[in-house]
file input.txt (compact mmCIF, C-alpha atoms and all ligand atoms)
# COMPACT_ATOMS: atom_id res chain seq x y z
CA MET A 1 119.25 68.64 127.07
CA PHE A 2 117.22 71.87 126.81
CA ARG A 3 116.18 72.56 123.25
CA SER A 4 116.51 76.26 122.47
CA GLY A 5 113.76 78.01 120.54
CA VAL A 6 112.62 81.40 119.37
CA ALA A 7 109.23 82.81 118.32
CA VAL A 8 109.09 86.01 116.26
CA ASP A 9 106.21 88.33 115.31
CA LEU A 10 107.57 90.27 112.37
CA GLY A 11 104.97 93.03 112.22
CA THR A 12 104.63 96.12 110.06
CA VAL A 13 105.08 98.44 113.02
CA ASN A 14 106.50 96.26 115.82
CA THR A 15 108.66 93.17 116.00
CA LEU A 16 108.51 90.96 119.09
CA VAL A 17 110.90 88.14 119.93
CA HIS A 18 110.18 85.44 122.49
CA VAL A 19 113.07 83.20 123.54
CA ARG A 20 112.23 79.85 125.08
CA GLY A 21 112.79 79.88 128.82
CA LYS A 22 113.06 83.69 128.95
CA GLY A 23 109.78 85.02 127.52
CA VAL A 24 109.48 88.16 125.37
CA VAL A 25 112.99 89.61 125.28
CA LEU A 26 112.51 92.17 122.52
CA ASP A 27 109.61 94.44 121.55
CA GLU A 28 110.77 97.19 119.18
CA PRO A 29 109.73 99.12 116.07
CA SER A 30 110.25 97.25 112.78
CA ALA A 31 112.92 99.66 111.56
CA ILE A 32 116.51 99.43 110.33
CA ALA A 33 119.06 102.19 109.70
CA LEU A 34 121.28 101.63 106.67
CA HIS A 35 124.43 103.49 105.60
CA LYS A 36 123.69 105.18 102.28
CA GLN A 37 127.22 104.67 100.92
CA ALA A 38 128.33 101.37 102.43
CA GLY A 39 124.80 99.93 102.34
CA GLY A 40 125.38 97.89 105.48
CA PRO A 41 123.01 97.99 108.43
CA THR A 42 123.89 100.15 111.42
CA LEU A 43 121.07 99.86 113.92
CA VAL A 44 117.70 98.12 114.27
CA GLY A 45 114.58 98.80 116.33
CA TRP A 46 114.20 101.80 118.63
CA ARG A 47 117.61 103.17 117.89
CA ALA A 48 116.89 103.16 114.16
CA ASP A 49 113.38 104.58 114.57
CA ASP A 50 114.62 107.42 116.77
CA LEU A 51 117.13 108.39 114.09
CA MET A 52 114.32 108.94 111.61
CA GLY A 53 113.23 112.23 113.18
CA THR A 54 116.77 113.60 113.06
CA GLU A 55 117.27 112.64 109.38
CA PRO A 56 121.08 112.23 109.33
CA ALA A 57 122.46 112.83 105.82
CA ASP A 58 124.45 109.59 105.54
CA ILE A 59 121.81 107.18 106.87
CA ASP A 60 118.51 105.83 105.51
CA VAL A 61 115.95 104.66 108.04
CA VAL A 62 113.78 101.96 106.47
CA HIS A 63 110.55 100.34 107.67
CA PRO A 64 110.84 97.30 105.42
CA LEU A 65 107.28 96.03 105.96
CA ARG A 66 105.65 99.41 105.69
CA ASP A 67 102.38 98.58 103.93
CA GLY A 68 101.66 95.19 105.41
CA VAL A 69 103.74 93.59 102.67
CA ILE A 70 107.50 93.36 102.44
CA SER A 71 108.46 96.51 100.59
CA ASP A 72 112.22 95.99 100.93
CA LEU A 73 113.21 92.35 101.21
CA ASP A 74 116.96 92.93 101.74
CA ALA A 75 116.23 95.35 104.57
CA ALA A 76 113.63 92.98 106.07
CA THR A 77 116.06 90.06 106.18
CA ALA A 78 118.86 92.24 107.57
CA MET A 79 116.47 93.54 110.23
CA LEU A 80 115.38 90.03 111.22
CA ARG A 81 119.02 88.96 111.54
CA GLY A 82 119.74 92.08 113.62
CA PHE A 83 116.84 91.38 115.97
CA LEU A 84 117.79 87.72 116.47
CA HIS A 85 121.34 88.82 117.24
CA GLN A 86 120.12 91.50 119.65
CA ALA A 87 117.81 89.00 121.38
CA HIS A 88 120.94 86.90 122.14
CA PHE A 89 119.26 83.89 120.64
CA ARG A 90 121.76 81.05 120.87
CA SER A 91 121.27 77.71 119.21
CA SER A 92 121.67 74.71 121.48
CA LEU A 93 123.37 71.47 120.46
CA ARG A 94 120.03 69.72 120.01
CA ARG A 95 118.25 70.89 116.93
CA PRO A 96 117.02 74.42 117.80
CA ARG A 97 113.66 75.68 116.58
CA ALA A 98 112.12 78.91 115.32
CA VAL A 99 108.52 79.94 114.61
CA ILE A 100 108.23 83.15 112.60
CA CYS A 101 104.96 84.98 111.94
CA VAL A 102 105.00 86.68 108.58
CA PRO A 103 102.45 89.08 107.05
CA SER A 104 99.84 87.20 105.01
CA GLY A 105 100.74 89.40 102.01
CA ALA A 106 104.26 87.90 101.90
CA SER A 107 104.97 85.95 98.71
CA PHE A 108 106.50 82.47 98.53
CA ILE A 109 109.91 83.93 97.67
CA GLU A 110 109.73 86.47 100.50
CA ARG A 111 108.81 83.74 102.99
CA ARG A 112 111.76 81.64 101.89
CA ALA A 113 114.09 84.63 102.16
CA LEU A 114 112.92 85.37 105.71
CA ALA A 115 113.31 81.73 106.74
CA ALA A 116 116.83 81.80 105.23
CA ALA A 117 117.64 84.97 107.21
CA ALA A 118 116.81 83.17 110.46
CA VAL A 119 119.01 80.22 109.49
CA TYR A 120 121.96 82.51 108.64
CA ARG A 121 124.92 81.29 110.76
CA ARG A 122 122.57 78.79 112.45
CA PRO A 123 122.57 75.93 109.94
CA ARG A 124 120.84 73.46 112.27
CA LEU A 125 117.90 75.74 113.04
CA ALA A 126 114.50 74.23 112.09
CA VAL A 127 112.23 77.07 110.94
CA ARG A 128 108.45 77.07 110.65
CA LEU A 129 106.43 79.99 109.29
CA LEU A 130 103.09 80.69 110.92
CA GLU A 131 100.12 82.65 109.59
CA GLU A 132 99.48 85.69 111.76
CA PRO A 133 95.73 85.06 112.33
CA VAL A 134 96.47 81.53 113.59
CA ALA A 135 99.03 82.92 116.02
CA ALA A 136 96.53 85.60 117.12
CA ALA A 137 93.84 82.95 117.73
CA VAL A 138 96.16 80.74 119.77
CA GLY A 139 97.51 83.79 121.63
CA GLY A 140 93.89 84.60 122.50
CA GLY A 141 93.45 81.16 124.06
CA ALA A 142 92.28 78.97 121.14
CA ASP A 143 93.42 75.35 121.09
CA PRO A 144 95.84 74.59 118.18
CA LEU A 145 94.36 71.07 118.12
CA GLY A 146 90.77 72.34 118.39
CA THR A 147 87.99 71.76 115.87
CA GLU A 148 85.90 74.80 116.79
CA GLY A 149 85.86 77.92 114.63
CA VAL A 150 87.45 81.07 116.06
CA LEU A 151 86.82 84.47 114.49
CA VAL A 152 89.86 86.70 114.79
CA VAL A 153 90.12 90.39 113.89
CA ASP A 154 93.80 91.35 113.95
CA ILE A 155 94.29 95.08 113.40
CA GLY A 156 97.98 95.79 113.02
CA GLY A 157 99.88 98.80 111.75
CA GLY A 158 99.73 97.98 108.05
CA THR A 159 96.99 95.42 107.65
CA THR A 160 93.75 94.20 109.14
CA GLU A 161 93.09 90.50 108.90
CA VAL A 162 89.67 89.09 109.58
CA ALA A 163 89.94 85.32 109.73
CA LEU A 164 88.05 82.22 110.65
CA VAL A 165 90.61 79.89 112.21
CA VAL A 166 90.23 76.21 113.07
CA GLY A 167 93.21 74.70 114.89
CA THR A 168 96.27 75.86 112.94
CA HIS A 169 94.33 76.48 109.72
CA VAL A 170 92.87 79.64 108.23
CA VAL A 171 89.48 78.59 106.85
CA ARG A 172 88.24 82.00 105.64
CA LEU A 173 90.25 85.22 105.31
CA ARG A 174 89.69 88.87 104.45
CA THR A 175 92.79 91.04 104.32
CA LEU A 176 92.52 94.82 104.24
CA ARG A 177 95.55 96.97 103.45
CA ILE A 178 94.61 99.33 106.24
CA GLY A 179 95.54 99.48 109.89
CA GLY A 180 97.01 101.83 112.46
CA ASN A 181 99.25 103.64 109.97
CA ALA A 182 96.28 104.51 107.74
CA MET A 183 94.40 105.76 110.81
CA ASP A 184 97.32 108.05 111.73
CA GLU A 185 97.47 109.38 108.17
CA ALA A 186 93.69 110.04 108.12
CA ILE A 187 93.93 112.00 111.39
CA LEU A 188 96.93 113.96 110.10
CA GLN A 189 95.00 114.96 106.95
CA ALA A 190 91.84 115.89 108.89
CA VAL A 191 93.76 118.14 111.33
CA LYS A 192 95.43 119.83 108.37
CA ALA A 193 92.15 120.33 106.47
CA GLU A 194 89.98 121.38 109.40
CA LEU A 195 92.40 123.27 111.64
CA GLY A 196 95.06 124.40 109.16
CA LEU A 197 97.67 122.65 111.25
CA GLN A 198 100.39 120.35 109.93
CA ILE A 199 101.17 117.69 112.54
CA GLY A 200 103.57 114.76 112.44
CA PRO A 201 102.64 111.07 112.39
CA ARG A 202 103.57 110.63 116.05
CA ALA A 203 101.22 113.42 117.13
CA ALA A 204 98.48 111.88 114.97
CA GLU A 205 99.04 108.48 116.62
CA HIS A 206 98.82 110.14 120.04
CA LEU A 207 95.44 111.69 119.12
CA LYS A 208 94.22 108.28 117.94
CA LYS A 209 95.18 106.62 121.21
CA THR A 210 93.76 109.30 123.50
CA LEU A 211 90.55 110.14 121.62
CA GLY A 212 89.71 107.02 119.57
CA LEU A 213 86.12 106.88 118.31
CA THR A 214 84.57 107.97 121.58
CA GLY A 215 86.53 111.14 122.38
CA GLY A 216 88.28 109.60 125.41
CA THR A 217 87.72 111.01 128.88
CA GLU A 218 88.66 114.63 128.13
CA GLU A 219 86.77 114.85 124.81
CA SER A 220 89.64 116.81 123.25
CA ALA A 221 93.43 116.63 123.29
CA PRO A 222 96.23 119.17 122.79
CA VAL A 223 98.57 118.93 119.82
CA VAL A 224 101.45 121.03 118.52
CA GLY A 225 102.03 121.55 114.80
CA ILE A 226 102.93 124.10 112.14
CA ASP A 227 100.28 126.60 111.06
CA THR A 228 99.92 125.92 107.33
CA ALA A 229 99.18 129.59 106.47
CA ARG A 230 101.78 131.36 108.60
CA GLY A 231 104.46 128.69 108.92
CA SER A 232 104.64 129.27 112.68
CA VAL A 233 104.38 126.78 115.55
CA ARG A 234 100.88 126.59 117.04
CA GLU A 235 99.21 124.58 119.79
CA GLU A 236 95.61 123.57 119.34
CA ARG A 237 93.05 121.33 121.03
CA VAL A 238 91.65 118.70 118.70
CA SER A 239 88.13 117.53 119.52
CA GLY A 240 86.95 113.91 119.59
CA PRO A 241 84.52 114.28 116.64
CA VAL A 242 87.33 115.50 114.33
CA VAL A 243 89.27 112.31 115.04
CA ALA A 244 86.21 110.04 114.97
CA SER A 245 85.01 111.35 111.61
CA ALA A 246 88.54 111.10 110.15
CA LEU A 247 88.58 107.42 111.12
CA GLU A 248 85.02 106.63 110.06
CA HIS A 249 85.73 105.27 106.55
CA LEU A 250 88.46 102.98 107.92
CA VAL A 251 86.28 101.73 110.77
CA ALA A 252 83.40 101.12 108.34
CA ALA A 253 85.71 99.04 106.12
CA VAL A 254 86.78 96.88 109.08
CA VAL A 255 83.19 96.41 110.28
CA ASP A 256 82.06 95.50 106.73
CA ALA A 257 84.85 92.91 106.43
CA VAL A 258 83.79 91.29 109.72
CA GLU A 259 80.15 91.19 108.62
CA GLU A 260 81.09 89.68 105.25
CA LEU A 261 83.20 87.01 106.87
CA ILE A 262 80.40 86.11 109.28
CA TRP A 263 78.09 85.50 106.31
CA GLU A 264 80.62 83.01 104.97
CA ILE A 265 80.97 80.92 108.12
CA PRO A 266 80.07 77.27 107.42
CA PRO A 267 76.96 76.51 109.54
CA ASP A 268 78.68 73.83 111.62
CA LEU A 269 81.31 76.30 112.78
CA ALA A 270 78.87 79.08 113.70
CA ALA A 271 78.10 77.81 117.22
CA GLY A 272 81.79 77.80 118.16
CA VAL A 273 82.28 81.32 116.82
CA VAL A 274 79.39 82.63 118.90
CA ARG A 275 80.63 80.77 121.99
CA ARG A 276 84.19 82.00 121.64
CA LYS A 277 83.07 85.54 120.62
CA VAL A 278 84.82 87.78 118.08
CA GLN A 279 88.42 87.97 119.27
CA MET A 280 90.11 91.33 118.59
CA SER A 281 93.86 91.38 118.51
CA GLY A 282 96.74 93.66 117.41
CA GLY A 283 97.31 97.25 118.54
CA GLY A 284 94.30 98.56 116.60
CA ALA A 285 92.01 96.44 118.79
CA LEU A 286 92.69 99.04 121.50
CA LEU A 287 91.04 101.82 119.49
CA GLN A 288 88.40 103.09 121.90
CA GLY A 289 84.88 102.32 120.71
CA LEU A 290 85.84 99.86 117.96
CA ALA A 291 84.86 96.64 119.75
CA GLY A 292 81.47 98.20 120.49
CA ARG A 293 80.99 99.07 116.81
CA ILE A 294 81.70 95.49 115.73
CA ARG A 295 79.39 94.10 118.41
CA THR A 296 76.54 96.40 117.34
CA ALA A 297 76.97 95.67 113.62
CA THR A 298 77.27 91.90 113.89
CA GLY A 299 75.26 91.07 117.00
CA VAL A 300 78.15 88.84 118.15
CA THR A 301 79.85 89.60 121.45
CA THR A 302 83.26 91.08 120.71
CA VAL A 303 86.18 90.98 123.11
CA ILE A 304 89.72 92.34 123.08
CA VAL A 305 92.21 89.57 123.86
CA GLU A 306 94.58 90.02 126.78
CA GLU A 307 97.56 92.23 125.84
CA PRO A 308 96.51 92.46 122.17
CA LEU A 309 99.91 93.83 121.06
CA ARG A 310 101.50 90.58 122.26
CA SER A 311 98.90 87.99 121.28
CA VAL A 312 100.64 87.00 118.02
CA VAL A 313 104.04 86.35 119.62
CA ARG A 314 102.30 84.59 122.55
CA GLY A 315 100.49 82.26 120.14
CA ALA A 316 103.70 81.65 118.19
CA ALA A 317 105.49 80.78 121.45
CA THR A 318 102.75 78.30 122.41
CA ILE A 319 103.11 76.57 119.05
CA LEU A 320 106.91 76.62 119.32
CA GLU A 321 106.81 74.91 122.71
CA ARG A 322 103.97 72.44 122.30
CA HIS A 323 102.82 72.01 118.71
CA PHE A 324 105.86 72.64 116.50
CA ASP A 325 105.29 69.51 114.44
CA LEU A 326 101.83 70.70 113.36
CA LEU A 327 103.50 73.22 111.04
CA PRO A 328 105.12 72.24 107.73
CA PRO A 329 108.86 72.97 107.28
CA ALA A 330 109.67 76.35 105.74
CA GLN A 331 112.60 75.35 103.53
N1 LIG A 401 95.46 102.42 122.36
C1 LIG A 401 95.54 102.32 121.03
N2 LIG A 401 94.52 102.77 120.24
C2 LIG A 401 94.60 102.68 118.91
N3 LIG A 401 95.63 102.16 118.24
C3 LIG A 401 96.67 101.71 118.96
C4 LIG A 401 96.69 101.75 120.39
N4 LIG A 401 97.87 101.22 120.81
C5 LIG A 401 98.56 100.86 119.72
N5 LIG A 401 97.86 101.16 118.59
C6 LIG A 401 98.29 101.00 117.20
O1 LIG A 401 98.56 99.65 116.91
C7 LIG A 401 99.44 99.60 115.78
C8 LIG A 401 100.52 98.57 116.01
O2 LIG A 401 99.90 97.34 116.23
P1 LIG A 401 100.68 95.96 116.08
O3 LIG A 401 101.96 96.01 116.82
O4 LIG A 401 99.70 94.90 116.38
O5 LIG A 401 100.99 96.02 114.50
P2 LIG A 401 101.98 95.08 113.68
O6 LIG A 401 101.81 93.68 114.14
O7 LIG A 401 103.34 95.64 113.72
O8 LIG A 401 101.40 95.27 112.19
P3 LIG A 401 100.86 94.18 111.14
O9 LIG A 401 100.13 93.13 111.94
O10 LIG A 401 99.98 94.98 110.24
O11 LIG A 401 102.06 93.67 110.45
C9 LIG A 401 100.03 101.00 115.62
O12 LIG A 401 99.46 101.62 114.47
C10 LIG A 401 99.60 101.70 116.90
O13 LIG A 401 99.39 103.09 116.69
MG MG A 402 100.68 92.11 113.65
call {"tool": "encode", "arguments": {"input": "input.txt", "output": "structure tokens"}}
result
Amino acid sequence: MFRSGVAVDLGTVNTLVHVRGKGVVLDEPSAIALHKQAGGPTLVGWRADDLMGTEPADIDVVHPLRDGVISDLDAATAMLRGFLHQAHFRSSLRRPRAVICVPSGASFIERRALAAAAVYRRPRLAVRLLEEPVAAAVGGGADPLGTEGVLVVDIGGGTTEVALVVGTHVVRLRTLRIGGNAMDEAILQAVKAELGLQIGPRAAEHLKKTLGLTGGTEESAPVVGIDTARGSVREERVSGPVVASALEHLVAAVVDAVEELIWEIPPDLAAGVVRRKVQMSGGGALLQGLAGRIRTATGVTTVIVEEPLRSVVRGAATILERHFDLLPPAQ
């Protein structure tokens, strides 16, 4: 009989769910809307995130993994349950399986709580937790049974993880509490300081995606915000260098972390790393000009994995389907 299974990438910004036999069935913001009075969850994902802008008085919209760690464990477990329900994940009669990628900052207690959330109303579910850099490596094409070193740079919303992975093991790791959210915040502050314009986080994210470090194709991009002196709505073009210089300290921190990790590579693993190249993954890998910066600083060819926003869930799905027993039980 078909054994049902689910792979989940529980990210700071996005959660993806892959159901065995169906592929990725859910790709939504990691957000949950909670009733202030009753406390119970109302909506998860897009529908919760969209509510945030409207700020309804009786509802709190929570991003429970906001800073790359679990900032609200109850909300995180409720959100995971909501997503599994929404993904129509059904347990089969044979022992069903789940692989869940958790942020590396999650504590032992938080990991257990998340595993328990997946098992809620599915008592026969076998859960394995997977380190995100391992999933990113496998999602980028690395062999979970391999003995070669793979250097992964996973730039998510809340964290950047630079890791040397061998098979399903993290051999060296640098974790930075910065990622796409910090980039958006830096752009927002720079536009306010340099142009006297208060913009929202979504506009800042848009500037990041269109201009990146290189200025994009147009070299500037329009944005609408509130004039900080007059309090009136104003449209302005933001130039590439404003965005690039706002991001510089964050980019420098990522490049430094990659260089430091390269110095720590055990000599026998170096050849594999060079052969497999630096593998960039996560949404931040798409920042225009970043791969080039890493390549120049380290001298190692740097590539962006295919569909970097999906590499973690893809790797988790590969392990779910073919190498589940390599991972230790979560409970
Ligand atoms: N083209 C792009 N250029 C720059 N950044 C981008 C681009 N596309 C997406 N991003 C950013 O990628 C981030 C989301 O990436 P991802 O989904 O990998 O994070 P996550 O897995 O939820 O977070 P984490 O791994 O930290 O828990 C967001 O900050 C988003 O703005
Ligand atoms: Mg991620």
call {"tool": "residues_near_ligand", "arguments": {"input": "input.txt", "ligand": "ligand MG 402 (chain A)", "cutoff": "10 Å", "atoms": "all atoms listed in the file", "output": "PyMOL selection string"}}
result
chain A and resi 9-16+68+101-104+132-133+135-136+154-161+179+281-284+308-313
call {"tool": "residues_around", "arguments": {"input": "input.txt", "residues": "Gly315 of chain A", "least_positions_apart": "6", "cutoff": "9 Å", "atoms": "all atoms listed in the file", "output": "ChimeraX atom specification"}}
result
/A:7,134-142
call {"tool": "write_last_selection", "arguments": {"input": "input.txt", "atoms": "C-alpha atoms", "output": "short mmCIF file (atom, residue, chain, number, x, y, z; two decimals), in the coordinates of the input"}}
result
data_model
loop_
_atom_site.label_atom_id
_atom_site.label_comp_id
_atom_site.auth_asym_id
_atom_site.auth_seq_id
_atom_site.Cartn_x
_atom_site.Cartn_y
_atom_site.Cartn_z
CA ALA A 7 109.23 82.81 118.32
CA VAL A 134 96.47 81.53 113.59
CA ALA A 135 99.03 82.92 116.02
CA ALA A 136 96.53 85.60 117.12
CA ALA A 137 93.84 82.95 117.73
CA VAL A 138 96.16 80.74 119.77
CA GLY A 139 97.51 83.79 121.63
CA GLY A 140 93.89 84.60 122.50
CA GLY A 141 93.45 81.16 124.06
CA ALA A 142 92.28 78.97 121.14
#
call {"tool": "residues_around", "arguments": {"input": "input.txt", "residues": "Gly5 of chain A", "least_positions_apart": "5", "cutoff": "10 Å", "atoms": "only C-alpha atoms", "output": "short mmCIF file (atom, residue, chain, number, x, y, z; two decimals) with C-alpha atoms, in the frame of the given file"}}
result
data_model
loop_
_atom_site.label_atom_id
_atom_site.label_comp_id
_atom_site.auth_asym_id
_atom_site.auth_seq_id
_atom_site.Cartn_x
_atom_site.Cartn_y
_atom_site.Cartn_z
CA HIS A 18 110.18 85.44 122.49
CA VAL A 19 113.07 83.20 123.54
CA ARG A 20 112.23 79.85 125.08
CA GLY A 21 112.79 79.88 128.82
CA PHE A 89 119.26 83.89 120.64
CA ARG A 90 121.76 81.05 120.87
CA SER A 91 121.27 77.71 119.21
CA SER A 92 121.67 74.71 121.48
CA ARG A 95 118.25 70.89 116.93
CA PRO A 96 117.02 74.42 117.80
CA ARG A 97 113.66 75.68 116.58
CA ALA A 98 112.12 78.91 115.32
CA VAL A 99 108.52 79.94 114.61
CA LEU A 125 117.90 75.74 113.04
CA ALA A 126 114.50 74.23 112.09
CA VAL A 127 112.23 77.07 110.94
CA ALA A 317 105.49 80.78 121.45
CA LEU A 320 106.91 76.62 119.32
CA GLU A 321 106.81 74.91 122.71
#
call {"tool": "closest_residue", "arguments": {"input": "input.txt", "among": "A:Gly225, A:Gly196, A:Gly45, A:Pro241", "to": "ligand LIG 401 (chain A)", "atoms": "only C-alpha atoms and all ligand atoms"}}
result
A:Gly45
call {"tool": "axis_aligned_box", "arguments": {"input": "input.txt", "around": "segment 183-202 of chain A", "padding_each_side": "4 Å", "output": "JSON"}}
result
{"center_x": 96.8, "center_y": 115.1, "center_z": 111.3, "size_x": 21.6, "size_y": 26.6, "size_z": 17.6}
call {"tool": "residues_around", "arguments": {"input": "input.txt", "residues": "Val170 of chain A", "least_positions_apart": "5", "cutoff": "10 Å", "atoms": "all atoms listed in the file", "output": "ChimeraX atom specification"}}
result
/A:131-134,149-151,163-165
call {"tool": "atom_distance", "arguments": {"input": "input.txt", "atom1": "atom N1 of ligand LIG 401 (chain A)", "atom2": "atom CA of Thr168 of chain A"}}
result
28.2 Å
call {"tool": "closest_residue", "arguments": {"input": "input.txt", "among": "A:Leu176, A:Leu287, A:Ala78, A:Ala116", "to": "ligand LIG 401 (chain A)", "atoms": "all atoms listed in the file"}}
result
A:Leu287
call {"tool": "residues_around", "arguments": {"input": "input.txt", "residues": "segment 256-263 of chain A", "least_positions_apart": "2", "cutoff": "10 Å", "atoms": "only C-alpha atoms", "output": "ChimeraX atom specification"}}
result
/A:151-153,160-164,172-176,250-254,265-267,270,273,278,294,297-300
call {"tool": "closest_residue", "arguments": {"input": "input.txt", "among": "A:Arg230, A:Arg322, A:Lys209, A:Arg112", "to": "ligand LIG 401 (chain A)", "atoms": "all atoms listed in the file"}}
result
A:Lys209
call {"tool": "atom_distance", "arguments": {"input": "input.txt", "atom1": "atom CA of Met280 of chain A", "atom2": "atom CA of Ile304 of chain A"}}
result
4.6 Å
call {"tool": "closest_residue", "arguments": {"input": "input.txt", "among": "A:Leu34, A:Val119, A:Val61, A:Ala285", "to": "Asp49 of chain A", "atoms": "only C-alpha atoms"}}
result
A:Val61
